[in-house]
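Below is final_30.tsv, holding TSV, C-alpha atoms.
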```tsv
chain	number	residue	atom	x	y	z
A	3	MET	CA	-55.45	-21.04	26.57
A	4	THR	CA	-58.74	-22.94	26.66
A	5	LEU	CA	-62.15	-22.42	28.26
A	6	THR	CA	-61.50	-25.57	30.27
A	7	GLN	CA	-58.32	-24.09	31.76
A	8	LEU	CA	-60.20	-20.90	32.61
A	9	SER	CA	-62.85	-22.94	34.41
A	10	TYR	CA	-60.11	-24.63	36.45
A	11	ILE	CA	-58.55	-21.37	37.69
A	12	VAL	CA	-62.01	-20.00	38.56
A	13	ALA	CA	-62.67	-23.13	40.63
A	14	VAL	CA	-59.37	-22.86	42.50
A	15	ASP	CA	-60.02	-19.18	43.20
A	16	LYS	CA	-63.46	-20.08	44.56
A	17	TYR	CA	-62.45	-22.95	46.84
A	18	LYS	CA	-58.83	-21.92	47.63
A	19	ASN	CA	-57.96	-25.60	47.49
A	20	PHE	CA	-56.75	-27.65	44.51
A	21	GLY	CA	-58.32	-30.90	45.71
A	22	ILE	CA	-61.80	-29.44	46.28
A	23	ALA	CA	-61.56	-27.50	43.00
A	24	ALA	CA	-60.66	-30.71	41.14
A	25	ASP	CA	-63.64	-32.52	42.67
A	26	SER	CA	-65.97	-29.71	41.63
A	27	CYS	CA	-64.63	-29.95	38.07
A	28	LYS	CA	-64.92	-33.78	38.18
A	29	ILE	CA	-61.25	-34.38	37.35
A	30	THR	CA	-58.21	-35.57	39.29
A	31	GLN	CA	-56.10	-33.09	41.20
A	32	PRO	CA	-52.91	-33.86	39.19
A	33	THR	CA	-54.77	-33.12	35.95
A	34	LEU	CA	-56.10	-29.81	37.28
A	35	SER	CA	-52.70	-28.79	38.64
A	36	MET	CA	-50.96	-29.68	35.38
A	37	GLN	CA	-53.41	-27.65	33.29
A	38	ILE	CA	-53.12	-24.61	35.56
A	39	GLN	CA	-49.32	-24.79	35.49
A	40	LYS	CA	-49.49	-25.04	31.70
A	41	LEU	CA	-51.67	-21.92	31.57
A	42	GLU	CA	-49.38	-20.01	33.94
A	43	SER	CA	-46.38	-20.97	31.79
A	44	GLU	CA	-48.17	-19.84	28.62
A	45	LEU	CA	-49.12	-16.50	30.16
A	46	GLY	CA	-45.83	-16.03	31.97
A	47	VAL	CA	-47.56	-15.24	35.28
A	48	THR	CA	-48.23	-16.83	38.67
A	49	LEU	CA	-51.95	-17.01	39.42
A	50	PHE	CA	-51.80	-18.61	42.87
A	51	ASP	CA	-49.48	-18.41	45.85
A	52	ARG	CA	-49.22	-22.11	46.71
A	53	SER	CA	-47.05	-21.51	49.77
A	54	GLN	CA	-50.06	-20.37	51.80
A	55	GLN	CA	-52.95	-22.42	53.16
A	56	PRO	CA	-55.60	-21.81	52.10
A	57	ILE	CA	-54.14	-21.02	48.70
A	58	LYS	CA	-54.08	-17.31	47.95
A	59	THR	CA	-54.76	-15.78	44.55
A	60	THR	CA	-52.12	-13.26	43.48
A	61	LYS	CA	-53.09	-9.68	42.76
A	62	LEU	CA	-52.61	-10.17	39.02
A	63	GLY	CA	-54.36	-13.52	39.31
A	64	GLU	CA	-57.45	-11.82	40.78
A	65	ALA	CA	-57.68	-9.51	37.76
A	66	LEU	CA	-57.18	-12.34	35.27
A	67	ILE	CA	-59.66	-14.65	37.02
A	68	SER	CA	-62.24	-11.88	37.09
A	69	GLN	CA	-61.84	-11.63	33.32
A	70	ALA	CA	-61.96	-15.43	33.06
A	71	ARG	CA	-65.41	-15.36	34.66
A	72	VAL	CA	-66.56	-12.87	32.05
A	73	VAL	CA	-65.21	-15.04	29.24
A	74	LEU	CA	-66.82	-18.20	30.64
A	75	ASN	CA	-70.17	-16.48	31.17
A	76	GLU	CA	-70.13	-15.05	27.68
A	77	ALA	CA	-69.31	-18.49	26.23
A	78	GLN	CA	-72.18	-20.04	28.18
A	79	ARG	CA	-74.56	-17.43	26.80
A	80	PHE	CA	-74.28	-18.98	23.33
A	81	GLN	CA	-76.17	-22.03	24.55
A	82	ASP	CA	-78.38	-20.00	26.88
A	83	ILE	CA	-79.55	-17.80	23.99
A	84	ILE	CA	-80.26	-20.85	21.86
A	85	ASN	CA	-82.23	-22.53	24.67
A	86	ASP	CA	-84.10	-19.33	25.42
A	87	ASP	CA	-85.04	-18.94	21.76
A	88	LYS	CA	-86.44	-22.48	21.80
A	89	GLY	CA	-88.34	-21.75	25.00
A	90	GLN	CA	-86.21	-24.24	26.92
A	91	ALA	CA	-85.09	-23.60	30.49
A	92	LYS	CA	-81.93	-25.65	30.87
A	93	GLY	CA	-78.55	-25.33	32.49
A	94	GLU	CA	-78.01	-23.40	35.70
A	95	ILE	CA	-79.17	-20.15	37.22
A	96	GLU	CA	-77.83	-18.54	40.41
A	97	ILE	CA	-80.09	-16.24	42.39
A	98	GLY	CA	-79.10	-13.95	45.26
A	99	ILE	CA	-81.73	-12.91	47.81
A	100	ILE	CA	-81.43	-10.72	50.89
A	101	PRO	CA	-82.05	-12.11	54.42
A	102	THR	CA	-85.18	-10.04	55.09
A	103	LEU	CA	-86.81	-11.59	52.01
A	104	ALA	CA	-85.41	-15.12	51.82
A	105	PRO	CA	-87.31	-16.89	54.67
A	106	TYR	CA	-90.64	-15.35	53.70
A	107	LEU	CA	-90.62	-15.07	49.90
A	108	LEU	CA	-88.75	-18.23	48.85
A	109	PRO	CA	-91.27	-20.69	50.36
A	110	LEU	CA	-94.04	-18.99	48.39
A	111	PHE	CA	-92.59	-19.53	44.91
A	112	ILE	CA	-89.48	-21.70	44.69
A	113	LYS	CA	-91.22	-25.10	44.43
A	114	LYS	CA	-93.60	-23.79	41.78
A	115	PHE	CA	-90.71	-22.35	39.79
A	116	SER	CA	-88.57	-25.49	40.05
A	117	ASP	CA	-91.52	-27.72	39.13
A	118	LYS	CA	-92.19	-25.54	36.10
A	119	HIS	CA	-88.55	-25.88	34.95
A	120	PRO	CA	-87.36	-29.39	35.96
A	121	LEU	CA	-84.28	-29.21	33.69
A	122	LEU	CA	-83.04	-25.97	35.26
A	123	ASN	CA	-80.52	-26.22	38.09
A	124	ILE	CA	-81.39	-23.43	40.53
A	125	LYS	CA	-78.85	-22.22	43.10
A	126	ILE	CA	-79.99	-19.81	45.82
A	127	HIS	CA	-77.61	-17.63	47.84
A	128	GLU	CA	-78.76	-15.60	50.86
A	129	LEU	CA	-76.59	-12.48	50.87
A	130	GLN	CA	-76.68	-8.85	51.91
A	131	THR	CA	-77.44	-6.21	49.28
A	132	HIS	CA	-73.86	-5.04	48.68
A	133	GLU	CA	-72.72	-8.66	48.20
A	134	ILE	CA	-75.43	-9.35	45.64
A	135	LEU	CA	-74.62	-6.21	43.67
A	136	GLU	CA	-70.91	-7.05	43.66
A	137	LYS	CA	-71.56	-10.60	42.47
A	138	LEU	CA	-74.05	-9.48	39.80
A	139	LYS	CA	-71.48	-7.11	38.33
A	140	GLY	CA	-68.77	-9.77	38.66
A	141	ASN	CA	-70.89	-12.33	36.78
A	142	GLN	CA	-71.01	-14.58	39.85
A	143	LEU	CA	-74.81	-14.29	40.12
A	144	ASP	CA	-77.46	-14.16	37.41
A	145	ILE	CA	-80.35	-12.57	39.29
A	146	GLY	CA	-80.79	-10.67	42.55
A	147	LEU	CA	-83.96	-10.17	44.58
A	148	LEU	CA	-83.54	-6.85	46.40
A	149	VAL	CA	-85.66	-4.21	48.05
A	150	ILE	CA	-84.15	-0.84	47.18
A	151	PRO	CA	-83.91	0.96	43.85
A	152	ILE	CA	-80.58	0.39	42.11
A	153	GLU	CA	-79.14	3.15	39.98
A	154	ASP	CA	-76.25	1.56	38.10
A	155	GLU	CA	-75.70	1.54	34.35
A	156	LYS	CA	-74.38	-2.03	34.56
A	157	LEU	CA	-77.60	-3.35	36.12
A	158	VAL	CA	-81.24	-3.63	35.06
A	159	SER	CA	-84.08	-3.45	37.59
A	160	HIS	CA	-87.62	-4.88	37.28
A	161	PRO	CA	-90.04	-3.96	40.13
A	162	LEU	CA	-91.91	-7.05	41.33
A	163	PHE	CA	-94.19	-5.85	44.13
A	164	TYR	CA	-94.65	-3.31	46.89
A	165	GLU	CA	-94.57	-4.62	50.46
A	166	PRO	CA	-96.00	-2.57	53.36
A	167	PHE	CA	-94.20	-2.18	56.66
A	168	LEU	CA	-95.91	-3.25	59.90
A	169	LEU	CA	-95.05	-2.45	63.49
A	170	TYR	CA	-94.57	-5.21	66.04
A	171	THR	CA	-94.83	-3.98	69.62
A	172	SER	CA	-94.65	-5.31	73.14
A	173	ASP	CA	-97.99	-5.26	74.94
A	174	LYS	CA	-96.18	-3.28	77.66
A	175	ASN	CA	-95.43	-0.43	75.27
A	176	MET	CA	-97.83	2.53	75.12
A	177	ILE	CA	-98.01	2.29	71.34
A	178	SER	CA	-99.74	-1.10	71.72
A	179	GLN	CA	-102.92	0.76	72.70
A	180	LYS	CA	-103.25	2.29	69.26
A	181	THR	CA	-105.34	0.71	66.50
A	182	LYS	CA	-103.07	2.16	63.83
A	183	VAL	CA	-99.79	3.99	64.24
A	184	GLN	CA	-98.32	7.04	62.58
A	185	GLN	CA	-94.66	7.46	61.82
A	186	SER	CA	-94.53	10.34	64.29
A	187	ASP	CA	-95.56	7.92	67.07
A	188	LEU	CA	-92.31	6.01	66.84
A	189	ASN	CA	-90.08	6.77	69.83
A	190	SER	CA	-86.60	5.83	68.74
A	191	SER	CA	-85.46	4.85	72.24
A	192	ASP	CA	-87.85	1.87	72.08
A	193	LEU	CA	-86.72	0.71	68.65
A	194	TRP	CA	-84.95	-2.61	68.00
A	195	LEU	CA	-82.84	-2.64	64.83
A	196	LEU	CA	-81.12	-4.95	62.41
A	197	THR	CA	-77.33	-4.71	62.23
A	198	GLU	CA	-75.59	-2.40	59.78
A	199	GLY	CA	-75.40	-3.69	56.22
A	200	HIS	CA	-79.10	-4.57	56.00
A	201	CYS	CA	-81.06	-2.20	53.78
A	202	PHE	CA	-84.12	-2.88	55.96
A	203	ARG	CA	-82.25	-1.17	58.81
A	204	ASP	CA	-81.71	1.96	56.69
A	205	GLN	CA	-85.36	1.99	55.65
A	206	THR	CA	-86.45	1.61	59.27
A	207	LEU	CA	-84.31	4.58	60.27
A	208	ALA	CA	-85.78	6.59	57.40
A	209	ILE	CA	-89.27	5.87	58.74
A	210	CYS	CA	-88.28	6.71	62.33
A	211	LYS	CA	-87.27	10.25	61.44
A	212	ASN	CA	-87.44	11.41	65.04
A	213	ARG	CA	-84.75	8.92	66.12
A	214	LYS	CA	-82.14	10.61	68.34
A	215	LYS	CA	-78.42	9.93	68.26
A	216	VAL	CA	-78.53	8.81	71.89
A	217	SER	CA	-81.23	6.24	71.42
A	218	ASP	CA	-80.98	3.69	74.23
A	219	GLU	CA	-81.29	5.97	77.22
A	220	ARG	CA	-84.32	4.09	78.58
A	221	ARG	CA	-82.93	0.55	78.44
A	222	ASN	CA	-79.64	-0.91	79.54
A	223	VAL	CA	-79.67	-3.66	76.88
A	224	LYS	CA	-78.18	-2.53	73.57
A	225	PHE	CA	-78.71	-5.16	70.92
A	226	GLU	CA	-78.81	-5.24	67.13
A	227	SER	CA	-79.50	-8.43	65.20
A	228	GLY	CA	-79.20	-9.84	61.70
A	229	SER	CA	-82.53	-11.65	62.14
A	230	LEU	CA	-86.04	-10.22	62.11
A	231	GLU	CA	-87.22	-13.21	64.14
A	232	THR	CA	-84.67	-12.42	66.87
A	233	LEU	CA	-85.81	-8.80	66.99
A	234	ARG	CA	-89.42	-9.91	67.35
A	235	ARG	CA	-88.51	-12.16	70.28
A	236	MET	CA	-86.54	-9.35	71.92
A	237	VAL	CA	-89.63	-7.17	71.72
A	238	ASP	CA	-91.63	-9.92	73.45
A	239	GLU	CA	-89.11	-10.20	76.29
A	240	GLU	CA	-87.66	-6.72	76.66
A	241	ASN	CA	-90.43	-4.27	75.67
A	242	GLY	CA	-90.13	-1.78	72.80
A	243	PHE	CA	-91.01	-2.37	69.16
A	244	THR	CA	-89.54	-3.24	65.80
A	245	LEU	CA	-90.64	-2.92	62.18
A	246	LEU	CA	-91.45	-5.92	60.01
A	247	PRO	CA	-92.13	-6.30	56.30
A	248	TYR	CA	-95.61	-7.66	55.54
A	249	LEU	CA	-94.48	-11.14	54.45
A	250	ALA	CA	-92.44	-11.61	57.63
A	251	ALA	CA	-95.58	-11.14	59.73
A	252	GLN	CA	-97.84	-13.65	57.99
A	253	GLY	CA	-97.47	-16.36	60.61
A	254	PHE	CA	-98.95	-14.19	63.37
A	255	TYR	CA	-100.92	-11.53	61.50
A	256	SER	CA	-103.87	-11.76	63.89
A	257	SER	CA	-101.67	-10.88	66.87
A	258	LYS	CA	-102.65	-7.77	68.82
A	259	LYS	CA	-98.97	-6.90	68.90
A	260	LEU	CA	-98.98	-6.24	65.16
A	261	LYS	CA	-100.05	-2.75	64.07
A	262	GLU	CA	-100.73	-1.28	60.65
A	263	PHE	CA	-99.58	2.22	59.74
A	264	SER	CA	-101.95	5.07	59.00
A	265	ASN	CA	-101.77	6.57	55.51
A	266	PRO	CA	-99.37	7.08	53.92
A	267	VAL	CA	-98.24	3.51	54.67
A	268	PRO	CA	-94.44	3.07	54.49
A	269	THR	CA	-93.71	0.49	51.80
A	270	ARG	CA	-90.67	-1.12	50.24
A	271	GLU	CA	-90.19	-1.88	46.56
A	272	VAL	CA	-89.06	-5.45	45.87
A	273	SER	CA	-87.25	-5.81	42.55
A	274	LEU	CA	-85.57	-8.39	40.37
A	275	ILE	CA	-82.09	-7.19	39.33
A	276	HIS	CA	-79.70	-8.53	36.71
A	277	SER	CA	-76.69	-7.29	34.79
A	278	THR	CA	-76.97	-5.86	31.30
A	279	TYR	CA	-75.25	-9.03	30.02
A	280	PHE	CA	-78.05	-11.32	31.22
A	281	LYS	CA	-80.02	-12.42	28.14
A	282	ARG	CA	-82.22	-15.27	29.38
A	283	ASP	CA	-85.47	-13.35	29.08
A	284	ASN	CA	-87.75	-16.39	29.11
A	285	ILE	CA	-86.38	-17.54	32.48
A	286	LYS	CA	-86.47	-14.01	33.89
A	287	ASN	CA	-90.06	-13.45	32.77
A	288	SER	CA	-91.12	-16.85	34.05
A	289	LEU	CA	-89.54	-16.18	37.45
A	290	MET	CA	-91.24	-12.81	37.72
A	291	GLU	CA	-94.61	-14.30	36.78
A	292	VAL	CA	-94.34	-17.15	39.30
A	293	ILE	CA	-93.30	-14.79	42.11
A	294	GLN	CA	-96.11	-12.34	41.43
A	295	LYS	CA	-98.76	-15.06	41.20
A	296	SER	CA	-97.55	-16.58	44.50
A	297	LEU	CA	-98.00	-13.42	46.58
A	298	PRO	CA	-100.83	-12.83	49.07
A	299	LYS	CA	-103.65	-10.81	47.54
A	300	GLU	CA	-102.86	-7.93	49.90
A	301	ILE	CA	-99.50	-7.38	48.18
A	302	SER	CA	-99.72	-5.03	45.19
A	303	GLN	CA	-97.59	-5.10	42.06
A	304	THR	CA	-97.88	-1.31	41.78
A	305	PRO	CA	-97.42	1.36	44.46
A	306	GLY	CA	-100.79	2.24	46.01
A	307	LYS	CA	-102.06	5.78	46.24
A	308	ASN	CA	-101.94	5.56	50.04
A	309	SER	CA	-98.43	4.15	50.22
A	310	GLN	CA	-95.09	5.87	50.77
A	311	VAL	CA	-92.29	3.99	49.03
A	312	ILE	CA	-89.12	4.26	51.10
A	313	ASP	CA	-86.55	4.92	48.40
A	314	LEU	CA	-82.89	4.80	49.33
A	315	PRO	CA	-81.24	4.40	45.92
A	316	ILE	CA	-77.72	3.00	45.91
A	317	GLY	CA	-75.11	2.14	43.33
A	318	LYS	CA	-74.84	5.41	41.45
A	319	ASN	CA	-71.78	4.70	39.35
```
Would you write the structure of this file as structure tokens?
Amino acid sequence: MTLTQLSYIVAVDKYKNFGIAADSCKITQPTLSMQIQKLESELGVTLFDRSQQPIKTTKLGEALISQARVVLNEAQRFQDIINDDKGQAKGEIEIGIIPTLAPYLLPLFIKKFSDKHPLLNIKIHELQTHEILEKLKGNQLDIGLLVIPIEDEKLVSHPLFYEPFLLYTSDKNMISQKTKVQQSDLNSSDLWLLTEGHCFRDQTLAICKNRKKVSDERRNVKFESGSLETLRRMVDEENGFTLLPYLAAQGFYSSKKLKEFSNPVPTREVSLIHSTYFKRDNIKNSLMEVIQKSLPKEISQTPGKNSQVIDLPIGKN
């Protein structure tokens, strides 16, 4: 068994196709197939069901490939630790970021970070929270940028900044007459929401505590979206309101449709998360520094005395 063979089975598991896996490993398909067959023969197991298209990993194969990822990541850390000790940012880093952060935070810092580390190959994945956590613990991601506290002994969390919530309302809605809004003003029947699976949805519901189970009694359009931009446009066309994080509202902050909350201002904690195995401290610290320096001055790195952090901890295991 070799590290090279382990990298081949990980590639096949990822792409579910021997040809694509071979291309990703920069070898011919016959060579990849021969090495995987050799490994299966040595182990006395079948890793892939080749009779199906796309190729399906066997149940035992899934367990062994999961361990192969751990072995490969641990082997890579030898060089990562050496580079980190020398202050060199080389190799590859994979970052997961949630959809309610990605379009608004990435443009602020990613060019600065990549320019600072030209020898570092940076891969960005836009994923929901549960997917990022799963991939962090499975060694398929190095870093996650998330917005809720994570309580998991396998993960380490570093708070980056605290982002206020804003309310975006139709000018036909009564709440548009207010200069600032209170959480008690939020009538749940007028609320447009993200789909389930987004932590921003759960935080919105936590803020709208007076939301009723039968919530759409005053409109005959029932719609939930995976996009904050879509929700904002629905408010413009259909009345009602939605909540937006501060960074998502920067392009139209002067709009009369945008309302700040009265104190205490609902706020979300944005954190950098990694597994306990991640040892590239120089890269982590550099990323945190670049992100924090790229933020608007209105965004604080500590929770303000007039803010209410919406904590919905997950991952207690």
(message) I need the residue nearest A:Ala250 from this list: A:Gln294, A:Ser273, A:Ser229, A:Ser159. Use all atoms listed in the file for the distance.
(response)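 Going through A:Gln294, A:Ser273, A:Ser229, A:Ser159 one by one, the smallest distance to A:Ala250 is for A:Ser229.
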Extending 5 Å beyond the listed atoms of stretch 253-268 of chain A on each side, what axis-aligned box results? I want centre and edge lengths in Å to one decimal, as lines of an AutoDock Vina configuration file.
```
center_x = -99.2
center_y = -4.6
center_z = 61.4
size_x = 19.4
size_y = 33.4
size_z = 25.0
```
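For A:Val14, the residues within 6 Å (counting all atoms listed in the file, excluding itself and residues fewer than 5 positions away along the chain) are Asn19, Phe20 and Ala23 of chain A.
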(request) Might you pull out every residue within 7 Å of A:Ser309, with all atoms listed in the file counted and same-chain residues fewer than 3 positions away left off, and present them as an MDAnalysis selection string? (result) chainID A and resid 265:269 305:306
(message) From (-81.1, -13.6, 49.9), in the file's coordinates, out to 10 Å: which residues are reached, counting only C-alpha atoms? Answer as a ChimeraX atom specification.
(response) /A:97-105,107-108,126-131,133-134,146-148
(request) Find the residues near A:Ser172: any atom within 9 Å, counting all atoms listed in the file, skip ones fewer than 3 places away on the same chain, and give them as a VMD selection string. (result) chain A and resid 175 to 178 237 to 243 259
The selected residues should be written to file as a CSV table (one decimal), keeping the file's coordinate frame (atoms: C-alpha atoms).
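Wrote it out as out.csv, contents follow:
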```csv
chain,number,residue,atom,x,y,z
A,175,ASN,CA,-95.4,-0.4,75.3
A,176,MET,CA,-97.8,2.5,75.1
A,177,ILE,CA,-98.0,2.3,71.3
A,178,SER,CA,-99.7,-1.1,71.7
A,237,VAL,CA,-89.6,-7.2,71.7
A,238,ASP,CA,-91.6,-9.9,73.4
A,239,GLU,CA,-89.1,-10.2,76.3
A,240,GLU,CA,-87.7,-6.7,76.7
A,241,ASN,CA,-90.4,-4.3,75.7
A,242,GLY,CA,-90.1,-1.8,72.8
A,243,PHE,CA,-91.0,-2.4,69.2
A,259,LYS,CA,-99.0,-6.9,68.9
```
(request) For A:Val183, please output as a count of residues only all residues within 9 Å (counting all atoms listed in the file; exclusion window: fewer than 3 positions along the same chain). (result) 10
(request) Quote the spacing between atom CA of A:Gln69 and atom CA of A:His276 in Å to one decimal place. (result)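 Atom-to-atom, atom CA of A:Gln69 and atom CA of A:His276 are spaced 18.4 Å apart.
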(request) Just give me the gap between atom CA of A:Leu66 and atom CA of A:Lys16 in Å, one decimal is fine. (result)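 Separating atom CA of A:Leu66 from atom CA of A:Lys16 is a distance of 13.6 Å.
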(request) Please identify all polymer residues within 8 Å of A:Leu74, counting only C-alpha atoms, omitting same-chain residues fewer than 2 positions from it, and present them as an MDAnalysis selection string. (result) chainID A and resid 5 8:9 70:72 76:78
